[in-house]
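What follows is a single structure, written as C-alpha cells, with notes after it.
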Amino acid sequence: MPTRALVTSYAQDLALFPDRWHRLGLVLFSALLLTLPWVADPRWLSVSNLALVAIVGSVALMILTGFAGQISMGHAAFLALGAYTTAVLGEQWALPFWLALPAGGAVAAAVGLAIGPFALRLRGLYLAIVTLGLVFLVNHMLLTFSDLTHGVSGIAVPMVTWFGAEASATDFRSATQWGGLRVVGDQKLYFLFLALATGAVWVGKNVQRSNTGRAMMAVRDQDLAASVLGVDPARTKVTAFGLSSFLAGIAGGMFALQQQYITIEPPFDLNMSIEYIAMIVLGGMGTVFGAVAGAVALVALSPLAEIVGRQLPLIERLSSAQQSTVLFSALVLAVLVFEPMGLLGLWLRIKRYFAAWPFRY
Amino acid sequence: MVVLIPSPTTRQGPLLELDDLHLAFSGVRALKGVSLEVSPGSLHAVIGPNGAGKTSLFNCISGVYEPQRGTVRFLDQDLHAHRPHERSALGIARMFQNLAVFDQLTVLENLLLGRHHLYRTTFWQDALWLPRARQQEVAHRERVEDLIDFLHLERYRKLPAGMLPYGVLKRVELGRALCMEPQLLLLDEPAAGLNREETEDMARYMLDIRDEMGLSLLLIEHDLGLVMDLADRVSVLDFGEKIAEGPPADIRDDPSVRKAYLGTNELGQAKSPPEETADDKPDSGASERP
C-alpha cells in the first residue's frame, strides 16, 4: 500500500501531483488517454470526443453553479453562442478554427458578463428563470439573423487550418499521414479536444485552489459573511459568469466542430441545460473531479445503455432511445438516493477502502 | 514559536469614533443617538440586555446597516459610503454572533479567506496559476499557519468546518478575523455557548490579542464576569441608548445599569444584585424589565 509522501513545504502542499504515486498515476492515465484513439472503434471514438466536449462544458457550469452557487438554466445558450460563432466565422469568412473557437468563447463570455449583473439582484430559483429566458432569447436571435446562421436549415461547420481560399480546401478533419501513420479526422479531433479539456480542467482546478475560487465558495455559502471578510460579492459573481460562459462557448465551438453540421434546436435547448446540471449533480457538486466524472458518465451512458438494455427483460422491448432514458433515470435516482455526493462520494469511498486495506476501516 | 506582528499603538486619539448613531427599522428604533470611542490597544466591552442594540451597533460599524443619522469614523476617516468589504480592507474585522464559518470549506480555506483582501493577484494569475498566484498562496499560508499555531488548530487544518464542534468553530472564526490583519476586532459574543474551559481559553486569546498583537477589541458579551475581568472600558446599552460608560468597577455599581439589568422595585429604585437580595420576596420578578 503506497503511503502518502511527507509534505515538507507549502508549495508542495499546493501541488496537484504532490508525490510520486500521484505522478505515476498521471503517467499511466495519460498513456491510457493517448492510446485510446488507436484502440477504440469509430463509434466509441466519437463518444470519447463528445465526452471531452461535455467535460469542458460541465467544468464551466461547475465554476458557476458548483463554486459560485449561481443556478443557471441558460448553459445551452452559451454553448449555442460558441457553436454558432465558430460555425459562422468558418463558413462566412473562412477563418481558421483556432481563431474561430476562442472567438466563440469570447462572444459567449461577453453575453455572460452582461447577464452576470442580474445575479446581483436575483438568486436561487429567480436567477434560474432569468437564465432560462436566455436560452429562448439566444435561440430566437440565431433564427432572426438567418443571413449569417441560415436559420432553421442549419449551418455547416468547416474547420480550415489557415487563411486564404486554397488553404480552406483542406479541412482539419480530413484524414492525413503523420509520419507514416494514417490518422482519421476523429482521431485528430480527439487529440485537439483532449488538449482543450485538459486545459479547462486545469483552469477549473486552479480556480478551486486559489483566492478567486475561495471567494466564489464564500459567496455561495454565506454572502453576507463573505462581504464582511472583504470579498466583493458583485465582482465575484460577475467573474464566475464571465469565466463560465467563456468555457461554455469553447465547449459549444468544440461541439460544432465535432458535429460538422449544426442546427439551433435541437440540440441547444432546455434539455441540454438540464443535462449539464445533471452532470454536475451526478458527479458531485463543488469539485472539478465531479464535473469530469459526471460528464464522462453521462455521455458514456447512452451507448452503454444500448448494450445493457438488450439483455434486460422488459426493457429490451423498448426502443433504443427509450432504453437509455429509462436506464439513465434509474441510475440518477440510485445515485441520488444512495450516494448524494455523487460519483465523487463513490470515488472517496473506494479510495478509503483501499487506503485502509486490509482492514475494513 | 508564534510570530505575532504587533501593530503600532502609538496613535493618539481614538481608533474608532461613533457619533450620535440613529438606526431605525420602520418604527423600531434600534439605536437612538449612540456615541462611543474606542482607543487604540484597548479592550472595550459593550453590554446590555437582549435587544438593546448591541449587534445593530456592530452592523453599523461593519457596514451591514447604514445608520440614518450619525457618523462612524475609523482612523479619522468617515466610513459613510464604504461598503462592507471596503471597511474590512481598512482594518476592521468581525467575528459573528451566530457562527459564519463556511461549512463546506476546510479550516485552512476558511482562514485563507480572511486574507482575501490582502491577496495581490488578479483573476488571470489565479486561473492560469502563474508564479505570482503560487507565491502569494504560499506567503499567505505562512501567516495563516502562525495563527493556526496561536489558536491550536493544527489537528483540524484540513477538515471541513462543518464537521467540527462548536468550540473549535469559534476559534476558527476568531482566527479568520485575525487573518485579516485588522486594527480593530469586533467580537460578537465570543464566549456564547462555550463551556467553562473554552471560555477561559477564549479570554486568554483576547488578552493575548490585545497585549501581544496590539489590536483593539470591541466586545459584546453576556458573561458579565468575563467582561468585568477583561475589559478596560465598558459601555452599557439599553433600548438603543447608551446609559453608562466607564471602567468595569464603576459600571458594576452604576444604578442605571442595575436598573436595566435587574429592573426596579416598587419604589422605582434600582434593585441590588441578586446575591444581596436573597431575602427578597420571590414574586418580585428580579429579572423583569421595566
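In the C-alpha cells, each chain is lettered A, B, ... as it comes, each chain's residues begin at 1, and ligands are numbered from 1 in order of appearance.
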Could you find all residues in range 193-235 of chain B that DSSP calls helix (DSSP H, G or I) from the backbone, and write them as a list in words?
Arg196, Glu197, Glu198, Thr199, Glu200, Asp201, Met202, Ala203, Arg204, Tyr205, Met206, Leu207, Asp208, Ile209, Arg210, Asp211, Leu224, Gly225, Leu226, Val227, Met228, Asp229 and Leu230 of chain B
Considering only C-alpha atoms, extract the chain A residues located within 9 Å of chain B and return them as a ChimeraX atom specification.
/A:9-11,14,202-215,217-218,221-222,224-233,239
Okay, now the selection with N, CA and C atoms, as a compact mmCIF listing (two decimals), in the first residue's frame?
# COMPACT_ATOMS: atom_id res chain seq x y z
N SER A 9 6.77 21.35 2.42
CA SER A 9 6.68 22.78 2.13
C SER A 9 5.26 23.11 1.70
N TYR A 10 4.89 24.37 1.86
CA TYR A 10 3.53 24.76 1.49
C TYR A 10 3.33 24.66 -0.01
N ALA A 11 4.41 24.93 -0.77
CA ALA A 11 4.31 24.82 -2.22
C ALA A 11 3.96 23.38 -2.61
N LEU A 14 0.42 22.49 -2.15
CA LEU A 14 -0.49 23.06 -3.14
C LEU A 14 -0.43 22.32 -4.47
N TRP A 202 -7.66 22.04 -15.88
CA TRP A 202 -6.56 22.70 -15.17
C TRP A 202 -6.98 24.08 -14.67
N VAL A 203 -7.66 24.83 -15.54
CA VAL A 203 -8.14 26.15 -15.13
C VAL A 203 -9.15 26.00 -13.97
N GLY A 204 -10.05 25.03 -14.11
CA GLY A 204 -11.04 24.81 -13.06
C GLY A 204 -10.37 24.51 -11.73
N LYS A 205 -9.34 23.67 -11.79
CA LYS A 205 -8.62 23.28 -10.59
C LYS A 205 -7.86 24.49 -10.00
N ASN A 206 -7.29 25.30 -10.87
CA ASN A 206 -6.58 26.50 -10.40
C ASN A 206 -7.53 27.45 -9.70
N VAL A 207 -8.71 27.61 -10.28
CA VAL A 207 -9.69 28.49 -9.64
C VAL A 207 -10.05 27.93 -8.28
N GLN A 208 -10.24 26.61 -8.23
CA GLN A 208 -10.66 25.98 -6.99
C GLN A 208 -9.64 26.17 -5.87
N ARG A 209 -8.35 26.11 -6.21
CA ARG A 209 -7.36 26.16 -5.15
C ARG A 209 -6.80 27.56 -4.90
N SER A 210 -7.35 28.56 -5.59
CA SER A 210 -6.80 29.90 -5.42
C SER A 210 -7.80 30.83 -4.74
N ASN A 211 -7.36 32.02 -4.52
CA ASN A 211 -8.16 33.04 -3.86
C ASN A 211 -9.48 33.31 -4.59
N THR A 212 -9.43 33.32 -5.93
CA THR A 212 -10.63 33.56 -6.72
C THR A 212 -11.72 32.53 -6.41
N GLY A 213 -11.33 31.25 -6.39
CA GLY A 213 -12.30 30.20 -6.15
C GLY A 213 -12.84 30.22 -4.73
N ARG A 214 -11.96 30.48 -3.77
CA ARG A 214 -12.43 30.54 -2.38
C ARG A 214 -13.45 31.65 -2.20
N ALA A 215 -13.20 32.79 -2.88
CA ALA A 215 -14.16 33.89 -2.79
C ALA A 215 -15.51 33.44 -3.36
N MET A 217 -16.74 30.41 -3.40
CA MET A 217 -17.40 29.49 -2.47
C MET A 217 -17.93 30.24 -1.25
N ALA A 218 -17.23 31.28 -0.85
CA ALA A 218 -17.70 32.07 0.28
C ALA A 218 -19.02 32.75 -0.08
N ASP A 221 -21.82 30.15 -0.02
CA ASP A 221 -22.29 29.65 1.26
C ASP A 221 -22.93 30.73 2.12
N GLN A 222 -22.32 31.90 2.23
CA GLN A 222 -22.90 32.97 3.05
C GLN A 222 -22.40 34.29 2.51
N LEU A 224 -23.26 37.35 3.05
CA LEU A 224 -23.08 38.45 4.00
C LEU A 224 -21.74 38.32 4.72
N ALA A 225 -21.48 37.12 5.23
CA ALA A 225 -20.20 36.90 5.91
C ALA A 225 -19.05 37.13 4.95
N ALA A 226 -19.24 36.72 3.70
CA ALA A 226 -18.19 36.90 2.70
C ALA A 226 -17.85 38.37 2.53
N SER A 227 -18.88 39.22 2.50
CA SER A 227 -18.59 40.63 2.24
C SER A 227 -17.94 41.28 3.45
N VAL A 228 -18.29 40.82 4.66
CA VAL A 228 -17.62 41.37 5.84
C VAL A 228 -16.16 40.94 5.87
N LEU A 229 -15.87 39.80 5.23
CA LEU A 229 -14.48 39.33 5.17
C LEU A 229 -13.67 40.07 4.12
N GLY A 230 -14.32 40.90 3.34
CA GLY A 230 -13.58 41.62 2.33
C GLY A 230 -13.77 41.08 0.92
N VAL A 231 -14.68 40.12 0.74
CA VAL A 231 -14.97 39.62 -0.60
C VAL A 231 -16.03 40.52 -1.22
N ASP A 232 -15.80 40.96 -2.45
CA ASP A 232 -16.79 41.77 -3.15
C ASP A 232 -17.75 40.82 -3.88
N PRO A 233 -18.98 40.66 -3.38
CA PRO A 233 -19.87 39.65 -3.98
C PRO A 233 -20.18 39.97 -5.45
N THR A 239 -17.37 37.63 -12.21
CA THR A 239 -16.21 36.85 -12.64
C THR A 239 -16.61 35.41 -12.96
Which of range 125-235 of chain B fall in strand (DSSP E), as a PyMOL selection string
chain B and resi 184-188+216-220+233-235
Would you list the contacts of range 148-157 of chain B as a PDB file with N, CA and C atoms, in the first residue's frame, taking every protein, DNA or RNA residue within 9 Å and counting only C-alpha atoms, but skipping same-chain residues closer than 3 positions in sequence?
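Full text of part.pdb as output:
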ATOM      1  N   MET B   1       6.963  28.375  17.546  1.00  0.00           N
ATOM      2  CA  MET B   1       7.046  29.764  18.017  1.00  0.00           C
ATOM      3  C   MET B   1       6.057  30.623  17.253  1.00  0.00           C
ATOM      4  N   VAL B   2       5.193  31.253  17.974  1.00  0.00           N
ATOM      5  CA  VAL B   2       4.196  32.103  17.324  1.00  0.00           C
ATOM      6  C   VAL B   2       4.800  33.466  17.034  1.00  0.00           C
ATOM      7  N   VAL B   3       4.712  33.841  15.800  1.00  0.00           N
ATOM      8  CA  VAL B   3       5.205  35.172  15.440  1.00  0.00           C
ATOM      9  C   VAL B   3       4.013  36.113  15.405  1.00  0.00           C
ATOM     10  N   LEU B   4       3.944  36.958  16.377  1.00  0.00           N
ATOM     11  CA  LEU B   4       2.835  37.903  16.411  1.00  0.00           C
ATOM     12  C   LEU B   4       3.354  39.250  15.958  1.00  0.00           C
ATOM     13  N   THR B 106     -12.533  23.832   4.190  1.00  0.00           N
ATOM     14  CA  THR B 106     -11.719  23.352   5.301  1.00  0.00           C
ATOM     15  C   THR B 106     -11.341  24.525   6.199  1.00  0.00           C
ATOM     16  N   VAL B 107     -10.831  24.193   7.380  1.00  0.00           N
ATOM     17  CA  VAL B 107     -10.393  25.230   8.319  1.00  0.00           C
ATOM     18  C   VAL B 107      -9.361  26.130   7.638  1.00  0.00           C
ATOM     19  N   LEU B 108      -8.448  25.495   6.915  1.00  0.00           N
ATOM     20  CA  LEU B 108      -7.401  26.246   6.226  1.00  0.00           C
ATOM     21  C   LEU B 108      -7.999  27.228   5.216  1.00  0.00           C
ATOM     22  N   GLU B 109      -8.960  26.748   4.445  1.00  0.00           N
ATOM     23  CA  GLU B 109      -9.577  27.618   3.437  1.00  0.00           C
ATOM     24  C   GLU B 109     -10.351  28.755   4.097  1.00  0.00           C
ATOM     25  N   LEU B 111      -9.602  30.149   6.923  1.00  0.00           N
ATOM     26  CA  LEU B 111      -8.638  31.130   7.407  1.00  0.00           C
ATOM     27  C   LEU B 111      -8.041  31.915   6.247  1.00  0.00           C
ATOM     28  N   ARG B 143       1.424  32.991   7.061  1.00  0.00           N
ATOM     29  CA  ARG B 143       0.801  33.813   8.102  1.00  0.00           C
ATOM     30  C   ARG B 143      -0.359  33.055   8.752  1.00  0.00           C
ATOM     31  N   VAL B 144      -1.126  32.345   7.904  1.00  0.00           N
ATOM     32  CA  VAL B 144      -2.244  31.569   8.431  1.00  0.00           C
ATOM     33  C   VAL B 144      -1.738  30.505   9.404  1.00  0.00           C
ATOM     34  N   GLU B 145      -0.589  29.908   9.058  1.00  0.00           N
ATOM     35  CA  GLU B 145      -0.051  28.866   9.934  1.00  0.00           C
ATOM     36  C   GLU B 145       0.349  29.441  11.294  1.00  0.00           C
ATOM     37  N   PRO B 160     -13.193  19.747   6.872  1.00  0.00           N
ATOM     38  CA  PRO B 160     -14.252  20.700   6.550  1.00  0.00           C
ATOM     39  C   PRO B 160     -14.842  21.261   7.845  1.00  0.00           C
ATOM     40  N   ALA B 161     -15.107  22.560   7.863  1.00  0.00           N
ATOM     41  CA  ALA B 161     -15.571  23.201   9.088  1.00  0.00           C
ATOM     42  C   ALA B 161     -16.890  22.599   9.571  1.00  0.00           C
ATOM     43  N   LEU B 164     -16.780  20.089  12.495  1.00  0.00           N
ATOM     44  CA  LEU B 164     -16.105  20.386  13.754  1.00  0.00           C
ATOM     45  C   LEU B 164     -17.071  20.849  14.835  1.00  0.00           C
ATOM     46  N   VAL B 168     -14.533  24.645  18.653  1.00  0.00           N
ATOM     47  CA  VAL B 168     -13.449  24.784  17.683  1.00  0.00           C
ATOM     48  C   VAL B 168     -13.822  25.812  16.620  1.00  0.00           C
ATOM     49  N   ARG B 171     -13.111  29.248  17.518  1.00  0.00           N
ATOM     50  CA  ARG B 171     -11.695  29.570  17.362  1.00  0.00           C
ATOM     51  C   ARG B 171     -11.365  29.812  15.896  1.00  0.00           C
ATOM     52  N   VAL B 172     -11.981  29.005  15.020  1.00  0.00           N
ATOM     53  CA  VAL B 172     -11.751  29.198  13.586  1.00  0.00           C
ATOM     54  C   VAL B 172     -12.220  30.590  13.179  1.00  0.00           C
ATOM     55  N   LEU B 174     -12.536  33.216  15.102  1.00  0.00           N
ATOM     56  CA  LEU B 174     -11.618  34.216  15.653  1.00  0.00           C
ATOM     57  C   LEU B 174     -10.351  34.285  14.796  1.00  0.00           C
ATOM     58  N   GLY B 175      -9.862  33.097  14.420  1.00  0.00           N
ATOM     59  CA  GLY B 175      -8.657  33.042  13.598  1.00  0.00           C
ATOM     60  C   GLY B 175      -8.859  33.719  12.263  1.00  0.00           C
ATOM     61  N   TYR B 205      -7.037  34.184  24.836  1.00  0.00           N
ATOM     62  CA  TYR B 205      -6.759  34.626  23.465  1.00  0.00           C
ATOM     63  C   TYR B 205      -7.008  36.122  23.329  1.00  0.00           C
TER      64      TYR B 205
END
Could you state the separation of CA of Arg121 in chain A and CA of Ala109 in chain A in Å, given to one decimal place?
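Separation of CA of Arg121 in chain A and CA of Ala109 in chain A: 19.9 Å.
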Within 6 Å of range 154-165 of chain A, counting only C-alpha atoms, which residues show up once you throw out same-chain ones fewer than 3 positions away? Write them as a VMD selection string, please.
chain A and resid 87 90 96 to 97 150 168 171 to 172 260 to 263
Mind checking which residues fall within 8 Å of range 62-79 of chain A, counting only C-alpha atoms, ignoring those fewer than 5 positions away in the same chain, and posting them as a compact mmCIF listing (two decimals) with C-alpha atoms, in the first residue's frame?
# COMPACT_ATOMS: atom_id res chain seq x y z
CA GLY A 57 -19.00 22.32 -20.65
CA ALA A 108 -20.29 33.76 -25.02
CA ALA A 109 -18.22 35.47 -22.32
CA VAL A 111 -23.06 37.74 -23.06
CA GLY A 112 -22.20 36.06 -19.76
CA ALA A 119 -27.32 37.70 -10.45
CA ARG A 123 -30.76 34.45 -6.51
CA GLY A 124 -31.79 30.82 -6.50
CA LEU A 125 -34.90 30.00 -8.48
CA LEU A 127 -31.95 33.56 -11.29
CA ALA A 128 -32.76 30.16 -12.79
CA ILE A 129 -35.82 31.66 -14.51
CA THR A 131 -31.16 32.35 -17.30
CA LEU A 132 -33.89 30.08 -18.66
CA GLY A 133 -35.17 33.05 -20.62
CA LEU A 134 -31.69 33.46 -22.05
CA VAL A 135 -31.98 30.12 -23.86
CA PHE A 136 -35.09 31.24 -25.72
CA VAL A 138 -30.46 33.37 -27.89
CA ASN A 139 -32.25 30.78 -29.98
CA GLY A 204 -11.04 24.81 -13.06
CA GLN A 208 -10.66 25.98 -6.99
CA GLY A 213 -12.30 30.20 -6.15
CA MET A 216 -16.73 32.20 -5.04
CA MET A 217 -17.40 29.49 -2.47
CA ALA A 218 -17.70 32.07 0.28
CA VAL A 219 -20.33 33.93 -1.74
CA ARG A 220 -22.10 30.63 -2.41
CA ASP A 221 -22.29 29.65 1.26
CA THR A 236 -17.07 37.57 -7.66
CA LYS A 237 -20.40 36.67 -9.25
CA ALA A 240 -17.85 33.45 -12.28
CA PHE A 241 -20.33 34.26 -15.03
CA LEU A 243 -15.27 32.54 -16.91
CA SER A 244 -18.08 30.01 -17.01
CA SER A 245 -19.63 31.39 -20.19
CA PHE A 246 -16.22 31.63 -21.86
CA ALA A 248 -19.14 27.09 -22.25
CA GLY A 249 -18.60 28.96 -25.51
CA ILE A 250 -15.45 26.95 -26.15
CA ALA A 251 -17.40 23.76 -25.44
CA GLY A 252 -20.09 24.88 -27.87
CA GLY A 253 -17.48 25.54 -30.56
CA PHE A 268 -29.25 23.85 -27.97
CA ASP A 269 -32.47 23.71 -25.99
CA LEU A 270 -33.54 23.48 -22.38
CA MET A 272 -29.10 20.48 -22.90
CA SER A 273 -29.05 22.90 -19.95
CA ILE A 274 -30.69 20.30 -17.75
CA TYR A 276 -25.38 19.74 -17.84
CA ILE A 277 -26.99 20.33 -14.45
CA ILE A 280 -22.53 18.19 -12.15
CA MET A 285 -21.13 19.37 -6.60
CA GLY A 286 -18.30 21.74 -5.87
CA THR A 287 -15.34 19.84 -7.26
CA VAL A 288 -13.65 19.63 -10.65
CA ALA A 291 -17.60 17.79 -13.27
Which polymer residues have any atom within 10 Å of an atom of Phe25 in chain B, counting only C-alpha atoms, with same-chain residues fewer than 5 positions away left out, as a ChimeraX atom specification?
/B:30-31,68
Keeping N, CA and C atoms, export the residues of the selection given above as a tab-separated table (two decimals), in the first residue's frame.
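Result file result-v5.tsv:
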chain	number	residue	atom	x	y	z
B	30	ALA	N	-33.71	51.00	16.77
B	30	ALA	CA	-32.71	50.12	17.35
B	30	ALA	C	-31.61	50.92	18.05
B	31	LEU	N	-31.23	52.04	17.47
B	31	LEU	CA	-30.20	52.88	18.09
B	31	LEU	C	-30.72	54.31	18.15
B	68	GLN	N	-29.26	55.91	9.92
B	68	GLN	CA	-29.97	57.05	9.29
B	68	GLN	C	-29.30	58.37	9.65
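Using only C-alpha atoms, the shortest contact distance between Ile61 in chain B and any of B:Leu18, B:Val38, B:Leu43, B:Leu217 is found at B:Leu18.
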Give me, as a list in words, all polymer residues having an atom no more than 8 Å from Val88 in chain A, counting only C-alpha atoms and skipping those fewer than 2 positions away in the same chain.
Tyr84, Thr85, Thr86, Gly90, Glu91, Gln92, Trp93, Leu148, Thr149, Ile155 and Val157 of chain A
